[in-house]
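Structure data follow from start-v1.cif (mmCIF, C-alpha atoms):
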```
data_query
loop_
_atom_site.label_atom_id
_atom_site.label_comp_id
_atom_site.auth_asym_id
_atom_site.auth_seq_id
_atom_site.Cartn_x
_atom_site.Cartn_y
_atom_site.Cartn_z
CA MET A 245 -57.18 41.56 -19.79
CA ALA A 246 -61.01 41.82 -21.38
CA TYR A 247 -62.37 44.98 -22.92
CA PHE A 248 -64.37 43.35 -25.63
CA ASP A 249 -66.89 40.81 -26.71
CA VAL A 250 -65.11 37.73 -28.03
CA GLY A 251 -66.43 38.41 -31.51
CA THR A 252 -67.26 36.02 -34.32
CA ALA A 253 -65.29 34.32 -37.02
CA GLY A 254 -65.28 35.99 -40.40
CA GLN A 255 -67.77 35.04 -43.06
CA GLY A 256 -67.28 31.41 -44.04
CA ALA A 257 -64.70 30.72 -41.35
CA GLY A 258 -64.92 27.29 -39.81
CA ALA A 259 -65.84 26.90 -36.15
CA ARG A 260 -63.23 25.59 -33.75
CA PRO A 261 -64.09 22.51 -31.73
CA GLN A 262 -65.55 23.21 -28.31
CA VAL A 263 -63.94 21.77 -25.21
CA THR A 264 -66.34 19.53 -23.30
CA PRO A 265 -66.40 19.10 -19.52
CA LEU A 266 -64.85 15.66 -20.00
CA GLN A 267 -61.90 17.20 -21.82
CA LYS A 268 -61.18 19.94 -19.30
CA HIS A 269 -61.59 20.09 -15.54
CA ARG A 270 -63.76 22.91 -14.28
CA LYS A 271 -61.77 25.72 -12.68
CA GLN A 272 -62.72 26.71 -9.17
CA THR A 273 -64.18 30.20 -8.82
CA PHE A 274 -64.90 32.48 -5.90
CA SER A 275 -68.51 31.29 -5.97
CA ASP A 276 -67.29 27.89 -4.76
CA PHE A 277 -66.18 29.63 -1.57
CA GLY A 278 -69.45 31.43 -0.90
CA ALA A 279 -68.63 34.73 -2.59
CA LYS A 280 -71.39 37.28 -3.09
CA LYS A 281 -72.42 37.98 -6.70
CA VAL A 282 -72.93 41.64 -7.60
CA SER A 283 -73.83 43.47 -10.81
CA HIS A 284 -72.62 46.84 -12.10
CA GLU A 285 -73.75 49.10 -14.93
CA THR A 286 -71.44 50.33 -17.67
CA HIS A 287 -68.79 52.81 -16.45
CA SER A 288 -69.51 52.17 -12.78
CA VAL A 289 -66.62 52.66 -10.35
CA ILE A 290 -66.14 49.57 -8.20
CA TYR A 291 -63.52 51.22 -6.02
CA TYR A 292 -61.23 54.25 -6.20
CA GLU A 293 -57.50 54.43 -5.78
CA GLY A 294 -56.88 55.13 -2.09
CA ASP A 295 -60.07 53.42 -0.86
CA THR A 296 -59.61 51.00 2.04
CA ALA A 297 -59.03 47.50 0.65
CA ARG A 298 -61.69 45.24 2.12
CA ARG A 299 -62.70 42.87 -0.69
CA LEU A 300 -61.26 40.80 -3.50
CA TYR A 301 -63.14 40.47 -6.79
CA GLU A 302 -63.41 37.88 -9.55
CA LEU A 303 -64.93 39.03 -12.83
CA ALA A 304 -67.72 36.69 -13.95
CA SER A 305 -68.89 38.54 -17.07
CA GLY A 306 -68.28 41.82 -18.83
CA SER A 307 -65.13 43.94 -18.79
CA VAL A 308 -63.32 46.04 -16.19
CA MET A 309 -60.34 48.38 -16.52
CA LEU A 310 -57.87 49.30 -13.80
CA PHE A 311 -56.23 52.70 -14.07
CA LYS A 312 -54.11 55.25 -12.21
CA LEU A 313 -54.35 59.04 -12.42
CA LEU A 314 -51.27 61.25 -12.40
CA PRO A 315 -51.35 64.55 -10.46
CA ASP A 316 -51.82 66.51 -13.71
CA GLY A 317 -54.91 64.49 -14.63
CA ARG A 318 -53.32 62.14 -17.15
CA ARG A 319 -54.58 58.56 -16.96
CA GLN A 320 -52.74 55.27 -17.50
CA VAL A 321 -54.89 52.20 -17.96
CA VAL A 322 -52.76 49.50 -16.32
CA GLU A 323 -54.90 46.44 -16.95
CA VAL A 324 -58.07 45.42 -18.77
CA LEU A 325 -59.71 42.37 -17.25
CA ARG A 326 -61.41 39.37 -18.80
CA PRO A 327 -63.98 37.08 -17.16
CA GLY A 328 -62.14 34.87 -14.70
CA ASP A 329 -59.59 37.54 -13.79
CA ILE A 330 -59.11 38.54 -10.16
CA PHE A 331 -58.60 42.10 -8.95
CA GLY A 332 -58.58 44.15 -5.77
CA LEU A 333 -55.47 42.60 -4.25
CA ALA A 334 -53.59 45.44 -2.55
CA GLY A 335 -50.04 45.56 -1.25
CA GLY A 336 -51.15 47.60 1.74
CA ASP A 337 -54.35 48.80 3.36
CA GLU A 338 -55.53 50.78 0.31
CA TYR A 339 -56.31 49.97 -3.31
CA ASP A 340 -53.47 51.19 -5.54
CA CYS A 341 -55.64 51.92 -8.60
CA THR A 342 -59.24 52.61 -9.62
CA ALA A 343 -61.48 49.84 -11.00
CA GLU A 344 -64.20 50.86 -13.47
CA THR A 345 -66.49 48.73 -15.64
CA LEU A 346 -66.32 49.11 -19.42
CA THR A 347 -69.56 47.19 -19.93
CA GLU A 348 -72.33 45.84 -17.79
CA ALA A 349 -70.51 43.38 -15.54
CA GLU A 350 -71.10 40.74 -12.92
CA MET A 351 -68.49 39.75 -10.38
CA HIS A 352 -68.00 37.69 -7.26
CA GLU A 353 -66.69 39.56 -4.25
CA ILE A 354 -65.19 38.02 -1.16
CA ASP A 355 -63.95 39.50 2.10
CA LEU A 356 -60.16 39.64 2.39
CA ARG A 357 -60.38 38.15 5.88
CA GLN A 358 -61.91 35.01 4.36
CA VAL A 359 -58.98 34.70 1.97
CA GLU A 360 -56.56 34.79 4.88
CA GLN A 361 -58.41 31.92 6.57
CA SER A 362 -58.70 29.52 3.58
CA THR A 363 -55.66 27.71 2.17
CA GLU A 364 -57.76 26.27 -0.69
CA LEU A 365 -58.89 29.74 -1.68
CA GLN A 366 -55.30 30.95 -1.52
CA ARG A 367 -54.23 28.17 -3.94
CA THR A 368 -56.99 29.15 -6.39
CA LEU A 369 -55.93 32.78 -6.08
CA THR A 370 -52.27 31.93 -6.77
CA LYS A 371 -53.09 30.04 -9.99
CA CYS A 372 -55.18 32.91 -11.36
CA LEU A 373 -52.70 35.64 -10.44
CA THR A 374 -49.76 33.74 -11.96
CA ASN A 375 -51.44 33.83 -15.37
CA GLN A 376 -52.39 37.49 -14.98
CA MET A 377 -48.77 38.34 -14.11
CA ARG A 378 -47.68 36.82 -17.45
CA VAL A 379 -50.14 39.12 -19.24
CA LEU A 380 -48.76 42.13 -17.35
CA HIS A 381 -45.21 41.20 -18.38
CA GLU A 382 -46.32 41.18 -22.02
CA HIS A 383 -47.91 44.59 -21.55
CA ALA A 384 -44.68 45.94 -20.05
CA VAL A 385 -42.85 44.85 -23.21
CA LEU A 386 -45.55 46.53 -25.31
CA LEU A 387 -45.18 49.85 -23.49
CA GLY A 388 -41.40 49.77 -23.35
CA ARG A 389 -40.30 48.43 -26.72
CA LYS A 390 -43.05 48.26 -29.33
CA SER A 391 -43.83 50.82 -32.02
CA ALA A 392 -47.27 52.43 -32.32
CA VAL A 393 -48.29 50.02 -35.10
CA GLU A 394 -47.09 47.02 -33.09
CA ARG A 395 -49.02 48.22 -30.03
CA VAL A 396 -52.32 48.63 -31.87
CA ALA A 397 -51.81 45.32 -33.70
CA SER A 398 -51.09 43.57 -30.39
CA PHE A 399 -54.19 45.14 -28.84
CA LEU A 400 -56.41 43.88 -31.67
CA MET A 401 -54.81 40.43 -31.67
CA HIS A 402 -55.49 40.12 -27.96
CA LEU A 403 -59.18 40.36 -28.79
CA VAL A 404 -59.07 37.32 -31.10
CA PRO A 405 -59.64 34.14 -29.06
CA ASP A 406 -57.21 31.23 -29.44
CA ARG A 407 -54.97 33.03 -31.94
CA GLY A 408 -51.50 34.49 -31.75
CA GLY A 409 -48.77 33.65 -29.30
CA LEU A 410 -47.19 30.27 -28.60
CA GLY A 411 -49.16 27.26 -29.76
CA CYS A 412 -51.29 29.10 -32.31
CA VAL A 413 -52.36 26.61 -34.95
CA GLY A 414 -53.47 29.23 -37.45
CA PRO A 415 -56.81 29.44 -39.28
CA ASP A 416 -59.05 26.43 -39.86
CA VAL A 417 -59.17 27.33 -43.55
CA GLU A 418 -56.23 29.27 -45.01
CA ASP A 419 -58.29 31.61 -47.20
CA ARG A 420 -60.95 32.24 -44.54
CA ASP A 421 -59.08 34.01 -41.79
CA GLY A 422 -61.33 36.99 -41.03
CA HIS A 423 -62.67 37.91 -37.62
CA ASP A 424 -65.20 40.45 -36.30
CA LEU A 425 -64.48 42.44 -33.14
CA GLN A 426 -66.88 44.38 -30.94
CA LEU A 427 -64.91 47.02 -29.03
CA HIS A 428 -65.99 48.37 -25.65
CA MET A 429 -63.21 50.91 -25.21
CA THR A 430 -63.18 54.39 -26.69
CA ARG A 431 -60.21 55.55 -28.75
CA GLN A 432 -59.08 57.58 -25.72
CA GLU A 433 -59.27 54.55 -23.42
CA ILE A 434 -57.32 52.48 -25.94
CA ALA A 435 -54.72 55.24 -26.15
CA ASP A 436 -54.42 55.36 -22.35
CA TYR A 437 -53.92 51.59 -22.29
CA LEU A 438 -51.31 51.54 -25.05
CA GLY A 439 -49.39 54.60 -23.83
CA LEU A 440 -50.20 56.56 -27.01
CA THR A 441 -52.11 59.72 -27.87
CA ILE A 442 -55.60 59.43 -29.30
CA GLU A 443 -54.30 61.04 -32.51
CA THR A 444 -51.68 58.29 -32.89
CA VAL A 445 -54.24 55.53 -32.33
CA SER A 446 -56.54 57.07 -34.95
CA ARG A 447 -53.64 57.43 -37.40
CA VAL A 448 -52.59 53.79 -36.98
CA VAL A 449 -56.17 52.53 -37.37
CA SER A 450 -56.52 54.58 -40.56
CA ASP A 451 -53.21 53.16 -41.83
CA LEU A 452 -54.30 49.57 -41.13
CA LYS A 453 -57.54 50.29 -42.94
CA ARG A 454 -55.69 51.78 -45.93
CA ARG A 455 -53.44 48.70 -46.09
CA ASN A 456 -56.53 46.48 -46.11
CA VAL A 457 -55.52 44.78 -42.85
CA ILE A 458 -58.80 45.74 -41.18
CA ARG A 459 -62.20 47.12 -42.10
CA VAL A 460 -63.87 49.63 -39.78
CA ASP A 461 -67.61 48.98 -39.91
CA LYS A 462 -68.49 51.33 -37.03
CA ALA A 463 -66.59 53.19 -34.33
CA ASP A 464 -66.92 50.13 -32.09
CA LYS A 465 -66.89 47.40 -34.75
CA ILE A 466 -63.79 46.26 -36.62
CA HIS A 467 -63.36 43.37 -39.04
CA ILE A 468 -59.88 41.84 -39.32
CA ASN A 469 -59.50 40.78 -42.93
CA LYS A 470 -56.67 38.30 -42.22
CA VAL A 471 -55.76 37.46 -38.65
CA CYS A 472 -52.36 35.99 -39.59
CA GLY A 473 -51.48 39.19 -41.45
CA LEU A 474 -52.29 41.31 -38.39
CA CYS A 475 -50.37 38.92 -36.14
CA GLN A 476 -47.25 39.46 -38.25
CA MET A 477 -47.41 43.14 -37.33
CA THR A 478 -47.31 42.66 -33.55
CA GLY A 479 -43.51 42.51 -33.31
CA MET A 480 -43.60 38.96 -31.92
CA HIS A 481 -42.38 37.24 -35.11
#
```
Rewritten as structure tokens:
Amino acid sequence: MAYFDVGTAGQGAGARPQVTPLQKHRKQTFSDFGAKKVSHETHSVIYYEGDTARRLYELASGSVMLFKLLPDGRRQVVEVLRPGDIFGLAGGDEYDCTAETLTEAEMHEIDLRQVEQSTELQRTLTKCLTNQMRVLHEHAVLLGRKSAVERVASFLMHLVPDRGGLGCVGPDVEDRDGHDLQLHMTRQEIADYLGLTIETVSRVVSDLKRRNVIRVDKADKIHINKVCGLCQMTGMH
């Protein structure tokens, strides 16, 4: 789910060790199967809900959101994609949501007929979609059970790489646990993703700022003063 730049560790925070190719096998991508690479500008529509489903997409860089529109014009952002995520898989002959870029983005696209003819490609697809289904389950819990504060805290924590959730080892240095975030979603888009009103999102952000949990440098730049402190507010502890 990727609507952000990964961000940087807070001032003085130690860098985490990088995984080398010898430590981790390279994951197969659509490009290994001859997929076409295409580029899109910010806020470009890749396909609309109801369009004929002809292609499958793998995000290579940037951020894409998937959303549905209700008859009265209300929008629900159902998923925000990170590089490596796959989208465009339809249950029928038409796409069931609209895909729009949040940033400049590059993606690999492949014809659905090719997927049907390649068992190796189908295995790669299954692995990717299994992980994305786990993320969607977490989002269902967020929408159904979490408070407004827990939703916004969970959203911000999702932007911090390698922190939160099972297996989190905590900060490298206990008293240096800050992190900078570059947001690429507007307050309205965040509200549509979290199932909140824009007024509620703004109120929660102001409350987190007042409690010294975060610092708002600009409308699209937030500094988390202590990641562990924010994590404790997600409702997962």
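Evaluating the PyMOL selection byres ((chain A and resi 346) around 8) against the shown model yields Tyr247, Thr286, His287, Ser288, Gly306, Ser307, Val308, Met309, Glu344, Thr345, Thr347, Glu348, His428 and Met429 of chain A.
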Please write the residues from the selection above to a file, keeping C-alpha atoms, as a PDB file, in the frame of the given file.
```pdb
ATOM      1  CA  TYR A 247     -62.370  44.980 -22.920  1.00  0.00           C
ATOM      2  CA  THR A 286     -71.440  50.330 -17.670  1.00  0.00           C
ATOM      3  CA  HIS A 287     -68.790  52.810 -16.450  1.00  0.00           C
ATOM      4  CA  SER A 288     -69.510  52.170 -12.780  1.00  0.00           C
ATOM      5  CA  GLY A 306     -68.280  41.820 -18.830  1.00  0.00           C
ATOM      6  CA  SER A 307     -65.130  43.940 -18.790  1.00  0.00           C
ATOM      7  CA  VAL A 308     -63.320  46.040 -16.190  1.00  0.00           C
ATOM      8  CA  MET A 309     -60.340  48.380 -16.520  1.00  0.00           C
ATOM      9  CA  GLU A 344     -64.200  50.860 -13.470  1.00  0.00           C
ATOM     10  CA  THR A 345     -66.490  48.730 -15.640  1.00  0.00           C
ATOM     11  CA  THR A 347     -69.560  47.190 -19.930  1.00  0.00           C
ATOM     12  CA  GLU A 348     -72.330  45.840 -17.790  1.00  0.00           C
ATOM     13  CA  HIS A 428     -65.990  48.370 -25.650  1.00  0.00           C
ATOM     14  CA  MET A 429     -63.210  50.910 -25.210  1.00  0.00           C
TER      15      MET A 429
END
```
Using only C-alpha atoms, which residues of range 328-418 of chain A come within 7 Å of range 457-476 of chain A, and what is the closest atom pair for each, with the distance in Å to one decimal? Give it as JSON lines, sorted by chain and residue number.
```
{"residue": "A:Ala397", "atom": "CA", "partner": "A:Leu474", "partner_atom": "CA", "distance": 6.2}
{"residue": "A:Met401", "atom": "CA", "partner": "A:Cys475", "partner_atom": "CA", "distance": 6.5}
{"residue": "A:Gly408", "atom": "CA", "partner": "A:Cys475", "partner_atom": "CA", "distance": 6.3}
```
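For the residues A:Leu365, A:Val404, A:Ala304, A:Ala297, ranking by smallest atom-to-atom distance to Asp340 in chain A using only C-alpha atoms places A:Ala297 first.
If you measure from each of A:Ala435, A:Met480, A:Met377, A:Val289 to Arg389 in chain A using only C-alpha atoms, the closest one turns out to be A:Met480.
Computed from the coordinates, the CA of Ile330 in chain A to CA of Leu303 in chain A distance equals 6.4 Å.
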Please evaluate the PyMOL selection byres ((chain A and resi 434) around 12) against the structure above and give the resulting residues as a PDB file with C-alpha atoms, in the frame of the given file.
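File written: out-v4.pdb
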```pdb
ATOM      1  CA  TYR A 247     -62.370  44.980 -22.920  1.00  0.00           C
ATOM      2  CA  PHE A 248     -64.370  43.350 -25.630  1.00  0.00           C
ATOM      3  CA  MET A 309     -60.340  48.380 -16.520  1.00  0.00           C
ATOM      4  CA  PHE A 311     -56.230  52.700 -14.070  1.00  0.00           C
ATOM      5  CA  ARG A 319     -54.580  58.560 -16.960  1.00  0.00           C
ATOM      6  CA  GLN A 320     -52.740  55.270 -17.500  1.00  0.00           C
ATOM      7  CA  VAL A 321     -54.890  52.200 -17.960  1.00  0.00           C
ATOM      8  CA  VAL A 322     -52.760  49.500 -16.320  1.00  0.00           C
ATOM      9  CA  GLU A 323     -54.900  46.440 -16.950  1.00  0.00           C
ATOM     10  CA  VAL A 324     -58.070  45.420 -18.770  1.00  0.00           C
ATOM     11  CA  LEU A 346     -66.320  49.110 -19.420  1.00  0.00           C
ATOM     12  CA  ALA A 392     -47.270  52.430 -32.320  1.00  0.00           C
ATOM     13  CA  ARG A 395     -49.020  48.220 -30.030  1.00  0.00           C
ATOM     14  CA  VAL A 396     -52.320  48.630 -31.870  1.00  0.00           C
ATOM     15  CA  ALA A 397     -51.810  45.320 -33.700  1.00  0.00           C
ATOM     16  CA  SER A 398     -51.090  43.570 -30.390  1.00  0.00           C
ATOM     17  CA  PHE A 399     -54.190  45.140 -28.840  1.00  0.00           C
ATOM     18  CA  LEU A 400     -56.410  43.880 -31.670  1.00  0.00           C
ATOM     19  CA  LEU A 427     -64.910  47.020 -29.030  1.00  0.00           C
ATOM     20  CA  HIS A 428     -65.990  48.370 -25.650  1.00  0.00           C
ATOM     21  CA  MET A 429     -63.210  50.910 -25.210  1.00  0.00           C
ATOM     22  CA  THR A 430     -63.180  54.390 -26.690  1.00  0.00           C
ATOM     23  CA  ARG A 431     -60.210  55.550 -28.750  1.00  0.00           C
ATOM     24  CA  GLN A 432     -59.080  57.580 -25.720  1.00  0.00           C
ATOM     25  CA  GLU A 433     -59.270  54.550 -23.420  1.00  0.00           C
ATOM     26  CA  ALA A 435     -54.720  55.240 -26.150  1.00  0.00           C
ATOM     27  CA  ASP A 436     -54.420  55.360 -22.350  1.00  0.00           C
ATOM     28  CA  TYR A 437     -53.920  51.590 -22.290  1.00  0.00           C
ATOM     29  CA  LEU A 438     -51.310  51.540 -25.050  1.00  0.00           C
ATOM     30  CA  GLY A 439     -49.390  54.600 -23.830  1.00  0.00           C
ATOM     31  CA  LEU A 440     -50.200  56.560 -27.010  1.00  0.00           C
ATOM     32  CA  THR A 441     -52.110  59.720 -27.870  1.00  0.00           C
ATOM     33  CA  ILE A 442     -55.600  59.430 -29.300  1.00  0.00           C
ATOM     34  CA  GLU A 443     -54.300  61.040 -32.510  1.00  0.00           C
ATOM     35  CA  THR A 444     -51.680  58.290 -32.890  1.00  0.00           C
ATOM     36  CA  VAL A 445     -54.240  55.530 -32.330  1.00  0.00           C
ATOM     37  CA  SER A 446     -56.540  57.070 -34.950  1.00  0.00           C
ATOM     38  CA  VAL A 449     -56.170  52.530 -37.370  1.00  0.00           C
ATOM     39  CA  ASP A 464     -66.920  50.130 -32.090  1.00  0.00           C
TER      40      ASP A 464
END
```
**OP:** Work out how far CA of Gly328 in chain A is from CA of Lys390 in chain A, in Å to one decimal.
**Re:** 27.5 Å
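Distance-wise, CA of Leu386 in chain A and CA of Gly294 in chain A end up 27.2 Å apart.
Considering the residues A:Leu369, A:Ala384, A:Ile354, A:Leu452 and counting all atoms listed in the file, Ser275 in chain A has its shortest atom-to-atom contact with A:Ile354.
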